[in-house]
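Visitor: Before I ask anything, let me first share the structure, which is written out below as structure tokens.
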Amino acid sequence: MKTIPWENAVSYCAFGAAGDGKTNDIQAIIAAHAYANAHGLPVRGDAGKTFCISTASEGAVVQTDTDWTDVSFIIDDSGVGVDDKDVHIFSVTPASESYEAESVPDSIRKGQTKLDIPLTGPSMLLLQEKGKRRYIRFGDPAGKGAPQTEAVLVDGDGNVDPAAPIVWEYENITSLRIFPADPEPLTIRGGTFTTIANRQEVNCAYYSRGIKITRSNVVLDGLKHYVIGEDGISAPYFGILTVQNCANTTIRNCVFTAHKDCAMGGTYDITLICTVNLTFENCIQQNDILDGKYFGVMGSNLCKNITMKECIFSRFDAHEGVANTTILGCTLGRQCLNAIGFGTLRVEDSTLYGWSFINLRPDYGASWEGDVIIRRCTWIPYMGNPLKDNHSVINGGHDDFRDYGYDCCMPRHITIDGLHVDDSRGVEGFPGVFLLSNATGRRTSEAYEAEAKANGRLYAVPETLTVSGFTTASGRTWNLSPNPFMYRSVSVNGADSQ
């Protein structure tokens, strides 16, 4: 572990920052970090100061440990136009730049454990095959899918991290980009950030004026972010924090703020893209996780091994797939737990408030290739509102005659080992909760299944469903599904249903 020479730490005021909360201090902040990077010195913010960042054509590059304890930042987007919307105020970057592999294998197989690629050391690889389209989204907004893309973590000899296996087949790789991983951790502590929202039209592209982490082995500890000025028109945000193309990131003891729903399709405070091994610990959303005027606090694409421990968020959400998700001791609010992907989805000792406990996103085919494990959890359906409709522990919607870019399936094995459902507000006629939703409403006959098989896309149902320790506030037990025909082949083990 490196020794941090904090007695020689660089400060912003030493490079001309005013720290008065009014002067645009971005150039002094850039200069301070540039000096620190060049001399291998940490940066320590000037305690008690407030640094304002308004218009900026570039941001600061962070490559050394940084301490923002008792330091405040105002990111004033009120006068920032679309030309500067993608300028990250702080970019936490690796020592070595990424590069394209000089030689690319003819193919890479799903589950392959070693890649024969020259490397300078441990790296994260980004594989892409443009000829294959995945995550073809249906609904509003709809999409044409994205090239098959995947993040892979390897050691210096090309051995794939066994905890994050390769999930796709690559037959004609069009890009293999290498992101060398810095071996030493970089730590950023503290900092209270307040974003004054932009004034652009709602249909404007997303703003990204925050902190972007593209370096592997980073710890972000104790940051707080607040948002003001969203009472009028405002374009959506990717948020204060973007983590992309890196591995082994820990975010702990942080406060985030969900943005007001701009009705464009999403606005976030945390965006995760192509990351491997990312952990949130003891992080909270400071505004109401049940308030419908706020959109979900986070979204992710193409990530592997996301873990949340003791967090309070309005939701966890995986858009274009996640491989392995672990939720431990968390509270998830209105938009709850949304996912599609691979591996193991494990939820333990947590309280969830969603319409369903787990929502397999129907816009991407409601597919989870792997297992789901629920242990010692509480579910308060529909945020504790009166219940009259069908609510399912695992929800999803699938159309067997649409191409989502992959074969779709429900979790292979589902284990529920301790789930208490607060269904005390069921109105007259409420049927009680179901374990599995009516994911394909038309699937009520063998004739339909034969037609779907002929089309080549019959949705795969679970092999096994094991239930124990299921209790409800009303005393009801569980129902299997509003569409039992669809799940007639599932091996169900555990207490009897009602």
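Here's how to read the names in the structure tokens: chain A, B, ... by the order shown, residue numbers from 1 in each chain, ligand numbers from 1 in the order shown.
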Write out as a PyMOL selection string the residues lying within 12 Å of Gly426 in chain A, counting only C-alpha atoms and excluding same-chain residues fewer than 5 positions away.

Guide: chain A and resi 380-382+384-391+421+431-433+472-476

Visitor: Step one, run DSSP on the backbone; step two, keep only residues of range 41-245 of chain A assigned to strand (DSSP E); then write them as a VMD selection string.

Guide: chain A and resid 43 to 44 50 to 53 60 to 62 66 to 76 90 to 92 99 to 100 123 to 134 146 to 154 175 to 180 186 to 196 211 to 213 218 to 221 224 to 228 241 to 245

Visitor: Considering only C-alpha atoms, can you say which of A:His420, A:His398, A:Lys114, A:His413 comes closest to Asn438 in chain A?

Guide: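 Closest to Asn438 in chain A of all the choices is A:His398.
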
Visitor: Please provide as a VMD selection string all residues within 12 Å of Ile188 in chain A, with the sequence filter that same-chain residues fewer than 6 positions apart are discarded (counting only C-alpha atoms).

Guide: chain A and resid 42 to 45 62 to 69 90 to 92 211 213 217 to 223 249 to 254

Visitor: Fewer than 3 positions away in the same chain doesn't count, so skip those; otherwise give me all residues within 10 Å of Asp161 in chain A, counting only C-alpha atoms, as a VMD selection string.

Guide: chain A and resid 113 to 114 152 to 155 158 164 to 166 276

Visitor: Just checking: using only C-alpha atoms, which residue out of A:Asp84, A:Asp77, A:Asp422, A:Glu320 ends up closest to Thr194 in chain A?

Guide: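 Using only C-alpha atoms, the shortest distance to Thr194 in chain A belongs to A:Asp77.
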
Visitor: Excluding same-chain residues fewer than 4 positions from Tyr404 in chain A, what lies within 7 Å of it counting only C-alpha atoms, as a list in words?

Guide: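 Residues near the query, excluding close chain neighbours: Arg134, Tyr135, Ile136, Arg137, Tyr364 and Gly365 of chain A.
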
Visitor: Using only C-alpha atoms, which residue out of A:Gly81, A:Met124, A:Ile178, A:Thr307 lies closest to Arg199 in chain A?

Guide: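 Closest to Arg199 in chain A, using only C-alpha atoms: A:Gly81.
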
Visitor: Neighbours of Gly79 in chain A within 8 Å (only C-alpha atoms; same-chain residues fewer than 6 positions away dropped), as a ChimeraX atom specification?

Guide: /A:54-55,198-199

Visitor: Compile the contact shell of Thr174 in chain A as a PyMOL selection string: residues with an atom at most 7 Å away, counting only C-alpha atoms, same-chain residues fewer than 3 positions apart removed.

Guide: chain A and resi 128-130

Visitor: Please dump the current selection as a PDB file, in the first residue's frame; keep N, CA and C atoms.

Guide:
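That gives us again-v7.pdb:
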```
ATOM      1  N   GLN A 128     -16.978  -6.481 -28.180  1.00  0.00           N
ATOM      2  CA  GLN A 128     -18.140  -6.057 -28.961  1.00  0.00           C
ATOM      3  C   GLN A 128     -18.193  -6.808 -30.280  1.00  0.00           C
ATOM      4  N   GLU A 129     -19.413  -7.202 -30.628  1.00  0.00           N
ATOM      5  CA  GLU A 129     -19.683  -7.800 -31.943  1.00  0.00           C
ATOM      6  C   GLU A 129     -20.882  -7.076 -32.529  1.00  0.00           C
ATOM      7  N   LYS A 130     -20.602  -6.183 -33.467  1.00  0.00           N
ATOM      8  CA  LYS A 130     -21.638  -5.306 -33.987  1.00  0.00           C
ATOM      9  C   LYS A 130     -22.689  -6.048 -34.805  1.00  0.00           C
TER      10      LYS A 130
END
```

Visitor: Taking only C-alpha atoms into account, name the residue in A:His319, A:Arg457, A:Lys212, A:Arg375 that is nearest to Gly469 in chain A.

Guide: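 Using only C-alpha atoms, Gly469 in chain A sits closest to A:Arg375.
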
Visitor: Hey, which of A:Asp76, A:Gly121, A:Ile108, A:Gly265 ends up closest to Asp140 in chain A? Count only C-alpha atoms.

Guide: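 The closest residue to Asp140 in chain A is A:Gly265.
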
Visitor: Could you tell me how far CA of Val243 in chain A sits from CA of Thr275 in chain A, in Å to one decimal place?

Guide: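 Going from CA of Thr275 in chain A over to CA of Val243 in chain A covers 7.0 Å.
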
Visitor: At what distance in Å, to one decimal, does CA of Ile273 in chain A lie from CA of Gly299 in chain A?

Guide: 8.8 Å

Visitor: I need the residue nearest Ile53 in chain A from this list: A:Ala9, A:Val80, A:Val461, A:Ala163. Use only C-alpha atoms for the distance.

Guide: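 Selected residue with least distance to Ile53 in chain A: A:Val80.
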